[in-house]
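target.txt (compact mmCIF, C-alpha atoms and all ligand atoms)
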```txt
# COMPACT_ATOMS: atom_id res chain seq x y z
CA MET A 1 0.00 0.00 0.00
CA LEU A 2 2.55 2.56 1.18
CA SER A 3 6.24 2.44 0.50
CA LEU A 4 8.85 4.99 1.59
CA GLN A 5 12.20 4.65 -0.14
CA ALA A 6 15.15 6.57 1.31
CA ALA A 7 12.72 9.36 2.27
CA THR A 8 14.75 12.37 3.36
CA VAL A 9 13.70 15.77 4.72
CA ARG A 10 16.26 18.33 5.91
CA PHE A 11 15.75 21.48 7.91
CA GLY A 12 19.05 23.34 7.50
CA GLU A 13 21.88 20.97 8.41
CA ARG A 14 19.60 18.61 10.31
CA ALA A 15 17.86 15.65 8.73
CA ALA A 16 14.40 15.34 10.27
CA LEU A 17 13.97 12.22 8.09
CA ASP A 18 17.21 10.49 7.23
CA ALA A 19 16.85 8.08 4.28
CA VAL A 20 13.91 6.22 5.82
CA ASP A 21 12.67 2.99 4.22
CA LEU A 22 9.26 1.80 5.36
CA GLU A 23 6.60 -0.54 3.97
CA VAL A 24 2.99 -0.53 5.13
CA ASP A 25 1.05 -3.53 3.81
CA ASP A 26 -2.67 -3.46 2.97
CA HIS A 27 -5.04 -3.71 5.95
CA ARG A 28 -2.23 -3.15 8.43
CA ILE A 29 -2.24 -0.76 11.38
CA VAL A 30 1.24 0.70 11.77
CA CYS A 31 2.08 3.03 14.67
CA VAL A 32 5.13 5.25 14.60
CA LEU A 33 6.42 6.27 17.99
CA GLY A 34 9.50 7.95 19.35
CA PRO A 35 10.62 10.85 21.51
CA SER A 36 9.75 14.44 20.71
CA GLY A 37 11.68 15.67 17.67
CA SER A 38 12.48 12.18 16.32
CA GLY A 39 10.71 12.91 13.01
CA LYS A 40 7.31 11.25 13.43
CA SER A 41 5.21 14.19 12.23
CA THR A 42 7.66 14.93 9.42
CA LEU A 43 7.22 11.35 8.19
CA LEU A 44 3.44 11.67 8.22
CA ARG A 45 3.51 15.07 6.53
CA ALA A 46 5.87 13.77 3.83
CA VAL A 47 3.52 10.87 3.06
CA ALA A 48 0.54 13.26 2.97
CA GLY A 49 2.32 15.62 0.59
CA LEU A 50 2.28 18.44 3.15
CA GLN A 51 6.06 18.39 3.48
CA PRO A 52 8.32 18.54 0.39
CA MET A 53 11.12 15.95 0.46
CA ASP A 54 14.81 16.55 -0.18
CA GLY A 55 15.33 13.01 -1.40
CA GLY A 56 13.75 9.59 -1.80
CA ARG A 57 10.26 8.55 -2.88
CA VAL A 58 6.79 7.96 -1.49
CA LEU A 59 4.75 5.33 -3.34
CA LEU A 60 1.05 4.67 -2.77
CA ALA A 61 -0.29 1.48 -4.32
CA GLY A 62 2.88 1.42 -6.42
CA GLN A 63 2.46 5.00 -7.75
CA ASP A 64 5.20 7.56 -7.13
CA GLN A 65 3.55 10.53 -5.42
CA ALA A 66 6.11 13.14 -6.51
CA GLY A 67 4.13 16.20 -7.59
CA VAL A 68 0.76 14.74 -6.49
CA PRO A 69 -1.00 17.28 -4.23
CA VAL A 70 -2.40 16.25 -0.86
CA HIS A 71 -6.07 16.14 -1.95
CA ARG A 72 -5.27 13.79 -4.84
CA ARG A 73 -3.44 11.19 -2.79
CA GLY A 74 -6.58 9.39 -1.62
CA LEU A 75 -5.66 9.71 2.05
CA GLY A 76 -7.81 10.17 5.12
CA LEU A 77 -6.13 12.65 7.44
CA MET A 78 -6.86 13.09 11.11
CA PHE A 79 -4.24 15.60 12.13
CA GLN A 80 -4.07 17.87 15.12
CA ASP A 81 -4.00 20.92 12.88
CA HIS A 82 -7.00 19.69 10.89
CA GLN A 83 -9.59 20.42 13.55
CA LEU A 84 -13.35 20.21 13.06
CA PHE A 85 -15.20 23.26 11.73
CA PRO A 86 -16.73 24.63 14.94
CA HIS A 87 -19.54 26.57 13.25
CA ARG A 88 -20.86 23.66 11.20
CA ASP A 89 -22.89 20.81 12.62
CA VAL A 90 -21.69 17.23 12.91
CA GLY A 91 -23.26 16.15 9.60
CA ALA A 92 -21.62 18.98 7.64
CA ASN A 93 -18.26 18.13 9.18
CA VAL A 94 -18.49 14.46 8.24
CA ALA A 95 -19.75 15.37 4.75
CA PHE A 96 -16.82 17.71 4.09
CA GLY A 97 -14.59 15.28 2.17
CA LEU A 98 -17.54 13.87 0.22
CA ARG A 99 -18.54 17.34 -0.99
CA MET A 100 -14.96 18.00 -2.05
CA HIS A 101 -15.25 14.89 -4.22
CA GLY A 102 -18.54 16.09 -5.72
CA THR A 103 -20.64 13.30 -4.19
CA GLY A 104 -24.41 13.88 -4.64
CA ARG A 105 -26.67 14.94 -1.77
CA ALA A 106 -28.56 11.67 -1.26
CA GLU A 107 -25.42 9.55 -1.32
CA THR A 108 -23.65 11.99 1.02
CA ASN A 109 -26.52 11.88 3.53
CA ALA A 110 -26.58 8.09 3.48
CA ARG A 111 -22.82 7.86 3.93
CA VAL A 112 -22.85 10.38 6.79
CA ARG A 113 -25.57 8.38 8.54
CA GLU A 114 -23.59 5.16 8.07
CA LEU A 115 -20.35 6.68 9.36
CA LEU A 116 -21.97 8.19 12.45
CA GLU A 117 -23.41 4.80 13.30
CA LEU A 118 -20.03 3.24 12.78
CA VAL A 119 -18.28 5.58 15.24
CA GLY A 120 -21.01 5.21 17.83
CA LEU A 121 -22.83 8.55 17.29
CA PRO A 122 -26.01 7.47 15.46
CA GLY A 123 -28.35 10.32 14.58
CA ALA A 124 -25.90 13.06 15.63
CA GLU A 125 -26.07 14.90 12.26
CA ARG A 126 -27.70 18.09 13.54
CA ARG A 127 -25.74 18.39 16.78
CA ALA A 128 -23.42 21.39 17.17
CA VAL A 129 -19.74 20.46 17.21
CA ALA A 130 -19.05 22.87 20.06
CA ALA A 131 -21.55 21.03 22.27
CA LEU A 132 -19.77 17.66 21.96
CA SER A 133 -17.37 16.17 24.49
CA GLY A 134 -13.69 15.70 23.54
CA GLY A 135 -14.24 12.01 22.86
CA GLU A 136 -17.30 12.69 20.70
CA GLN A 137 -15.38 15.30 18.69
CA GLN A 138 -12.64 12.74 18.14
CA ARG A 139 -15.22 10.30 16.78
CA VAL A 140 -16.62 12.95 14.43
CA ALA A 141 -13.08 13.69 13.19
CA LEU A 142 -12.61 9.98 12.56
CA ALA A 143 -15.93 9.71 10.71
CA ARG A 144 -14.91 12.70 8.58
CA ALA A 145 -11.55 11.10 7.72
CA LEU A 146 -13.16 7.74 6.87
CA ALA A 147 -16.10 9.09 4.85
CA PRO A 148 -14.42 9.26 1.42
CA ARG A 149 -13.13 5.63 1.84
CA PRO A 150 -9.44 6.57 1.87
CA LYS A 151 -6.77 4.16 0.61
CA LEU A 152 -4.74 4.98 3.68
CA LEU A 153 -5.88 6.57 6.91
CA MET A 154 -3.28 8.72 8.62
CA LEU A 155 -3.67 9.66 12.26
CA ASP A 156 -1.49 12.13 14.17
CA GLU A 157 -1.87 11.66 17.94
CA PRO A 158 -5.46 10.51 17.37
CA LEU A 159 -6.38 10.37 21.04
CA GLY A 160 -3.83 12.90 22.26
CA GLN A 161 -6.10 15.31 24.07
CA LEU A 162 -8.36 12.82 25.79
CA ASP A 163 -8.09 11.54 29.33
CA ARG A 164 -6.53 8.15 29.96
CA SER A 165 -9.61 6.04 30.63
CA LEU A 166 -11.39 7.34 27.51
CA ARG A 167 -8.24 6.76 25.45
CA GLU A 168 -7.97 3.18 26.66
CA ARG A 169 -11.57 2.52 25.67
CA LEU A 170 -11.38 4.28 22.31
CA VAL A 171 -8.15 2.57 21.31
CA VAL A 172 -9.85 -0.83 21.55
CA GLU A 173 -12.86 0.48 19.59
CA LEU A 174 -10.59 1.93 16.92
CA ARG A 175 -8.66 -1.29 16.49
CA THR A 176 -11.88 -3.28 16.14
CA LEU A 177 -13.31 -0.75 13.70
CA PHE A 178 -10.20 -0.70 11.50
CA GLN A 179 -10.07 -4.48 11.44
CA GLU A 180 -13.73 -4.69 10.43
CA LEU A 181 -13.32 -2.11 7.68
CA GLY A 182 -9.97 -3.50 6.55
CA THR A 183 -8.54 0.03 6.72
CA THR A 184 -4.81 0.52 6.24
CA VAL A 185 -3.62 2.90 8.95
CA LEU A 186 -0.44 4.85 9.61
CA ALA A 187 -0.63 6.50 13.03
CA VAL A 188 1.79 8.59 15.04
CA THR A 189 1.67 8.73 18.79
CA HIS A 190 3.75 9.75 21.79
CA ASP A 191 2.01 7.24 23.96
CA GLN A 192 3.57 3.80 23.79
CA GLY A 193 0.63 2.15 25.53
CA GLU A 194 -1.63 3.50 22.79
CA ALA A 195 0.75 2.43 20.01
CA PHE A 196 1.12 -1.10 21.40
CA ALA A 197 -2.65 -1.49 21.87
CA LEU A 198 -3.55 -0.19 18.42
CA ALA A 199 -0.83 -1.49 16.11
CA ASP A 200 -0.07 -4.66 14.16
CA ARG A 201 3.41 -3.24 13.72
CA VAL A 202 5.25 -0.54 15.62
CA VAL A 203 8.05 1.64 14.28
CA VAL A 204 10.30 3.31 16.86
CA MET A 205 12.07 6.42 15.58
CA ARG A 206 15.21 8.16 16.77
CA ASP A 207 16.81 11.23 15.18
CA GLY A 208 15.04 10.84 11.84
CA ARG A 209 15.80 7.12 11.51
CA ILE A 210 14.04 3.90 12.35
CA ALA A 211 15.53 2.47 15.54
CA GLN A 212 13.36 -0.66 15.45
CA GLU A 213 10.38 -2.04 13.57
CA GLY A 214 8.35 -5.13 14.40
CA THR A 215 5.20 -6.52 15.95
CA PRO A 216 4.34 -5.04 19.36
CA LEU A 217 5.27 -8.35 20.99
CA ASP A 218 8.66 -8.55 19.23
CA VAL A 219 9.63 -5.02 20.11
CA TRP A 220 8.48 -5.42 23.70
CA GLN A 221 10.22 -8.75 24.19
CA ARG A 222 13.39 -7.99 22.23
CA PRO A 223 14.19 -4.28 22.15
CA ALA A 224 16.91 -3.79 19.54
CA SER A 225 19.04 -1.40 21.57
CA ALA A 226 19.50 0.36 24.90
CA PHE A 227 17.75 3.36 23.33
CA VAL A 228 14.60 1.38 22.50
CA ALA A 229 14.64 -0.40 25.88
CA ARG A 230 14.84 2.90 27.76
CA PHE A 231 12.23 4.48 25.50
CA LEU A 232 9.85 1.64 26.42
CA GLY A 233 10.41 2.52 30.07
CA PHE A 234 12.89 -0.20 31.03
CA ASP A 235 15.45 1.32 33.37
CA ASN A 236 17.52 -1.76 34.25
CA VAL A 237 19.99 -1.39 31.39
CA THR A 238 23.73 -1.68 32.03
CA PRO A 239 26.95 -2.36 30.11
CA ALA A 240 27.97 -6.02 30.32
CA THR A 241 30.49 -8.55 29.10
CA VAL A 242 28.74 -11.73 28.04
CA THR A 243 30.53 -15.09 28.22
CA GLY A 244 28.44 -18.18 27.55
CA GLN A 245 25.24 -17.88 29.57
CA ALA A 246 26.50 -15.28 32.05
CA ALA A 247 26.95 -11.52 31.84
CA ALA A 248 29.45 -9.69 34.05
CA THR A 249 27.80 -6.41 35.13
CA ALA A 250 27.91 -3.78 37.88
CA TRP A 251 25.21 -5.94 39.56
CA GLY A 252 27.50 -8.98 39.53
CA LYS A 253 27.01 -12.04 37.35
CA VAL A 254 23.61 -12.11 35.65
CA PRO A 255 22.43 -15.25 33.82
CA VAL A 256 21.36 -14.72 30.17
CA PRO A 257 19.40 -16.93 27.76
CA GLU A 258 21.15 -19.61 25.74
CA GLY A 259 22.33 -18.32 22.35
CA SER A 260 22.74 -14.69 23.52
CA PRO A 261 25.28 -12.54 21.60
CA GLN A 262 28.73 -12.74 23.20
CA GLY A 263 31.22 -10.07 24.28
CA GLU A 264 30.64 -6.40 25.11
CA ALA A 265 26.96 -5.43 25.05
CA ASP A 266 24.23 -3.65 26.94
CA LEU A 267 22.09 -5.88 29.10
CA LEU A 268 18.41 -5.38 29.90
CA VAL A 269 16.95 -7.02 32.99
CA ARG A 270 13.16 -6.73 33.07
CA PRO A 271 11.78 -5.81 36.51
CA ALA A 272 9.96 -9.17 36.56
CA GLY A 273 13.37 -10.89 36.41
CA VAL A 274 14.68 -9.22 39.58
CA ARG A 275 13.94 -11.75 42.35
CA ILE A 276 13.99 -10.55 45.94
CA GLY A 277 15.11 -12.92 48.72
CA ALA A 278 17.00 -13.09 52.01
CA PRO A 279 19.85 -10.55 52.49
CA GLU A 280 22.60 -13.21 52.43
CA ASP A 281 21.29 -14.56 49.12
CA GLY A 282 22.70 -12.67 46.10
CA LEU A 283 23.27 -8.94 45.52
CA ARG A 284 22.64 -6.98 48.75
CA CYS A 285 20.25 -4.05 48.28
CA THR A 286 18.30 -1.63 50.43
CA VAL A 287 14.62 -1.28 49.51
CA GLY A 288 13.75 2.24 48.31
CA VAL A 289 10.49 3.72 47.03
CA ARG A 290 7.62 1.33 46.28
CA THR A 291 4.97 2.22 43.70
CA PHE A 292 1.59 0.55 43.62
CA ARG A 293 0.66 -0.43 40.05
CA GLY A 294 -2.69 -2.14 40.48
CA ASN A 295 -1.86 -5.84 40.24
CA HIS A 296 1.79 -5.53 41.29
CA VAL A 297 4.22 -3.20 43.04
CA THR A 298 7.32 -1.65 41.48
CA VAL A 299 10.17 -1.50 43.99
CA ARG A 300 13.38 0.53 43.65
CA LEU A 301 16.36 -1.38 45.02
CA LEU A 302 19.57 0.37 45.99
CA PRO A 303 22.67 -1.86 45.79
CA GLU A 304 25.77 -0.60 47.64
CA ASN A 305 28.06 0.06 44.67
CA ALA A 306 25.92 -0.39 41.59
CA PRO A 307 23.14 1.41 39.70
CA VAL A 308 19.59 1.35 41.07
CA LEU A 309 17.51 -1.68 40.11
CA GLU A 310 13.79 -1.81 39.55
CA ALA A 311 11.92 -4.95 40.62
CA GLU A 312 8.33 -6.06 40.10
CA CYS A 313 6.73 -7.79 43.11
CA ALA A 314 3.42 -9.45 43.83
CA LEU A 315 1.43 -7.37 46.33
CA ARG A 316 1.88 -9.77 49.23
CA ASP A 317 5.64 -10.32 48.60
CA THR A 318 6.55 -6.61 48.67
CA PRO A 319 9.39 -5.92 51.13
CA ASP A 320 9.23 -2.93 53.51
CA GLU A 321 10.92 0.31 52.57
CA GLY A 322 14.36 0.44 54.22
CA ALA A 323 14.65 -3.35 54.51
CA VAL A 324 17.87 -5.07 53.39
CA VAL A 325 17.29 -7.84 50.86
CA GLY A 326 19.25 -10.09 48.48
CA VAL A 327 18.62 -10.08 44.72
CA ARG A 328 18.95 -12.84 42.14
CA PHE A 329 18.19 -12.63 38.44
CA ASP A 330 16.03 -14.77 36.16
CA ALA A 331 17.70 -15.50 32.80
CA ALA A 332 14.31 -15.69 31.05
CA GLU A 333 13.76 -11.99 31.78
CA THR A 334 17.14 -10.74 30.56
CA VAL A 335 17.95 -9.56 27.02
CA VAL A 336 21.42 -8.94 25.60
CA LEU A 337 20.91 -5.84 23.46
CA ALA A 338 22.60 -5.06 20.15
CA GLY A 339 24.56 -1.87 19.69
CA ALA A 340 27.59 -2.97 21.71
CA GLY A 341 30.19 -0.32 22.45
CA LYS A 342 27.67 2.52 22.48
CA PRO A 343 27.10 4.25 25.81
CA SER A 344 24.08 2.65 27.46
CA GLY A 345 22.48 6.03 28.15
CA ALA A 346 22.34 6.74 24.42
N1 LIG A 401 9.11 23.48 9.72
C1 LIG A 401 10.23 23.16 10.36
N2 LIG A 401 11.30 23.96 10.33
C2 LIG A 401 12.48 23.64 10.95
N3 LIG A 401 12.65 22.50 11.67
C3 LIG A 401 11.61 21.67 11.76
C4 LIG A 401 10.35 21.94 11.12
N4 LIG A 401 9.50 20.91 11.38
C5 LIG A 401 10.20 20.03 12.14
N5 LIG A 401 11.45 20.48 12.37
C6 LIG A 401 12.49 19.78 13.12
O1 LIG A 401 12.59 18.46 12.63
C7 LIG A 401 12.77 17.52 13.68
C8 LIG A 401 11.66 16.48 13.65
O2 LIG A 401 10.42 17.11 13.96
P1 LIG A 401 9.03 16.34 14.03
O3 LIG A 401 7.97 17.36 14.29
O4 LIG A 401 8.89 15.49 12.83
O5 LIG A 401 9.24 15.42 15.30
P2 LIG A 401 8.17 14.59 16.12
O6 LIG A 401 8.82 13.29 16.38
O7 LIG A 401 6.88 14.59 15.40
O8 LIG A 401 8.07 15.43 17.45
P3 LIG A 401 6.80 15.67 18.43
O9 LIG A 401 6.55 14.35 19.06
O10 LIG A 401 7.34 16.68 19.39
O11 LIG A 401 5.68 16.17 17.57
C9 LIG A 401 12.81 18.33 14.95
O12 LIG A 401 14.16 18.56 15.29
C10 LIG A 401 12.12 19.63 14.57
O13 LIG A 401 12.62 20.69 15.35
```

In structure tokens, what does this structure look like?
Ligand SMILES: Nc1ncnc2c1ncn2[C@@H]1O[C@H](COP(=O)(O)OP(=O)(O)OP(=O)(O)O)[C@@H](O)[C@H]1O
Amino acid sequence: MLSLQAATVRFGERAALDAVDLEVDDHRIVCVLGPSGSGKSTLLRAVAGLQPMDGGRVLLAGQDQAGVPVHRRGLGLMFQDHQLFPHRDVGANVAFGLRMHGTGRAETNARVRELLELVGLPGAERRAVAALSGGEQQRVALARALAPRPKLLMLDEPLGQLDRSLRERLVVELRTLFQELGTTVLAVTHDQGEAFALADRVVVMRDGRIAQEGTPLDVWQRPASAFVARFLGFDNVTPATVTGQAAATAWGKVPVPEGSPQGEADLLVRPAGVRIGAPEDGLRCTVGVRTFRGNHVTVRLLPENAPVLEAECALRDTPDEGAVVGVRFDAAETVVLAGAGKPSGA
């Protein structure tokens, strides 16, 4: 459906998109995520034709889009800067793209009715946009983007301004809706929870390049680098020397899975792999702050001469703050990361 080939956009000396290659297959939901300034919006704008490129190509259904203006690319756009028209009612907003395509009145009305049902706002045609809640406005924006049956739907922070519980609900609804319609989607979001819940594939960006691409499960289980691991919120990352099934680290010897890359590398230990026991058993740590997370507790552990460790504990196994404990590691929860020789904070 969509193919980016060496797509490059420069602002002065800086490449906001640095020779990016990306394929989005039909009926796929791809989420691009990454820190602020990593080039996510630039990528979306380049695909839409809103941002001229300094190099490379964008192909849609095999057609090079060079010189094709935004309204002729057959895209549905739901961008932050494409807000609803506040002085028109819901129906007129949803009908906007259809009118632009010269669709007749009866067909437009039928399609608007169908779309409003689809997004869970049946019969809302005559309601004023200003009188809708944030979540309802988001649904209207989605209906408007979907109305002309776009080849590719592009979403920029689709649920950005909504509160967490509404976002969590809508993200499930969106995924179901896109799967039912067979829509191909390219979405950009800051929120990794949202990206992982919505996407078939996630693309993590860093400094205008793709740092990792894969299914949500792949990326979560096997981050490609210390950068991706930290971006996903894993803090237990440390330089290591791997020999066989053991890694020498500031936390002592940590077991690693069979077949792990050997030599100098960064090591990730998931909090679930940090096992707390008696003080004489393993790495001695003092228990720091504990954070309640619903079905488990995250505990900060302070070893004497090594970086802080984060552990995940069952509610009833949580040690007291200030207690001295011993820590062992579970090989199944450790990952030897690629990108050896780079500073682990990078
Ligand atoms: N019009 C512009 N002029 C100059 N520099 C720009 C312009 N647009 C983007 N940039 C720069 O390009 C880089 C990538 O920006 P972009 O907006 O694509 O990042 P992003 O990942 O979408 O960030 P955010 O999550 O904050 O929206 C940044 O360094 C940004 O400052």

Nearest to Leu153 in chain A, chosen from A:Gly76, A:Gly12, A:Gly123, A:Pro216, with only C-alpha atoms counted in the distances: A:Gly76

Can you list, as a compact mmCIF listing (two decimals) with C-alpha atoms, keeping the file's coordinate frame, every protein, DNA or RNA residue that comes within 8 Å of Gly34 in chain A when you count only C-alpha atoms, leaving out same-chain residues fewer than 3 positions away?
```
# COMPACT_ATOMS: atom_id res chain seq x y z
CA SER A 38 12.48 12.18 16.32
CA LYS A 40 7.31 11.25 13.43
CA THR A 189 1.67 8.73 18.79
CA HIS A 190 3.75 9.75 21.79
CA VAL A 204 10.30 3.31 16.86
CA MET A 205 12.07 6.42 15.58
CA ARG A 206 15.21 8.16 16.77
CA PHE A 231 12.23 4.48 25.50
```

As a compact mmCIF listing (two decimals) with C-alpha atoms, in the frame of the given file, please: the residues near Arg139 in chain A (cut-off 9 Å, all atoms listed in the file, same-chain neighbours under 6 positions excluded).
```
# COMPACT_ATOMS: atom_id res chain seq x y z
CA LEU A 116 -21.97 8.19 12.45
CA VAL A 119 -18.28 5.58 15.24
CA GLY A 120 -21.01 5.21 17.83
CA LEU A 121 -22.83 8.55 17.29
```

Using 4 Å of padding on each side, determine the axis-aligned box around all atoms of ligand LIG 401 (chain A) present in the file and give its centre and edge lengths in Å to one decimal, as JSON.
```
{"center_x": 9.9, "center_y": 18.6, "center_z": 14.6, "size_x": 16.5, "size_y": 18.7, "size_z": 17.7}
```

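Interatomic distance, CA of Leu186 in chain A against CA of Gln212 in chain A: 16.0 Å.
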
With a distance cut-off of 6 Å and all atoms listed in the file, select the neighbouring residues of Leu59 in chain A, excluding the residue or stretch itself and same-chain residues fewer than 5 positions from it, and output the selection as a PDB file with C-alpha atoms, keeping the file's coordinate frame.
```pdb
ATOM      1  CA  LEU A   2       2.550   2.560   1.180  1.00  0.00           C
ATOM      2  CA  SER A   3       6.240   2.440   0.500  1.00  0.00           C
ATOM      3  CA  ASP A  64       5.200   7.560  -7.130  1.00  0.00           C
ATOM      4  CA  GLN A  65       3.550  10.530  -5.420  1.00  0.00           C
TER       5      GLN A  65
END
```

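Inspection of the environment of ligand LIG 401 (chain A), which uses all atoms listed in the file and a cut-off of 8 Å, identifies the neighbouring residues as Arg10, Phe11, Gly12, Arg14, Ala15, Ala16, Leu17, Leu33, Gly34, Pro35, Ser36, Gly37, Ser38, Gly39, Lys40, Ser41, Thr42, Leu43, Val188, Thr189, His190, Met205, Asp207 and Gly208 of chain A.
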
Could you take the residues named above and write them with C-alpha atoms, as a PDB file, in the frame of the given file?
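Output saved as out_9.pdb:
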```pdb
ATOM      1  CA  ARG A  10      16.260  18.330   5.910  1.00  0.00           C
ATOM      2  CA  PHE A  11      15.750  21.480   7.910  1.00  0.00           C
ATOM      3  CA  GLY A  12      19.050  23.340   7.500  1.00  0.00           C
ATOM      4  CA  ARG A  14      19.600  18.610  10.310  1.00  0.00           C
ATOM      5  CA  ALA A  15      17.860  15.650   8.730  1.00  0.00           C
ATOM      6  CA  ALA A  16      14.400  15.340  10.270  1.00  0.00           C
ATOM      7  CA  LEU A  17      13.970  12.220   8.090  1.00  0.00           C
ATOM      8  CA  LEU A  33       6.420   6.270  17.990  1.00  0.00           C
ATOM      9  CA  GLY A  34       9.500   7.950  19.350  1.00  0.00           C
ATOM     10  CA  PRO A  35      10.620  10.850  21.510  1.00  0.00           C
ATOM     11  CA  SER A  36       9.750  14.440  20.710  1.00  0.00           C
ATOM     12  CA  GLY A  37      11.680  15.670  17.670  1.00  0.00           C
ATOM     13  CA  SER A  38      12.480  12.180  16.320  1.00  0.00           C
ATOM     14  CA  GLY A  39      10.710  12.910  13.010  1.00  0.00           C
ATOM     15  CA  LYS A  40       7.310  11.250  13.430  1.00  0.00           C
ATOM     16  CA  SER A  41       5.210  14.190  12.230  1.00  0.00           C
ATOM     17  CA  THR A  42       7.660  14.930   9.420  1.00  0.00           C
ATOM     18  CA  LEU A  43       7.220  11.350   8.190  1.00  0.00           C
ATOM     19  CA  VAL A 188       1.790   8.590  15.040  1.00  0.00           C
ATOM     20  CA  THR A 189       1.670   8.730  18.790  1.00  0.00           C
ATOM     21  CA  HIS A 190       3.750   9.750  21.790  1.00  0.00           C
ATOM     22  CA  MET A 205      12.070   6.420  15.580  1.00  0.00           C
ATOM     23  CA  ASP A 207      16.810  11.230  15.180  1.00  0.00           C
ATOM     24  CA  GLY A 208      15.040  10.840  11.840  1.00  0.00           C
TER      25      GLY A 208
END
```

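In this comparison, which uses only C-alpha atoms, the residue of A:Ala106, A:Val185, A:Met100, A:Ala145 approaching Met78 in chain A most closely is A:Ala145.
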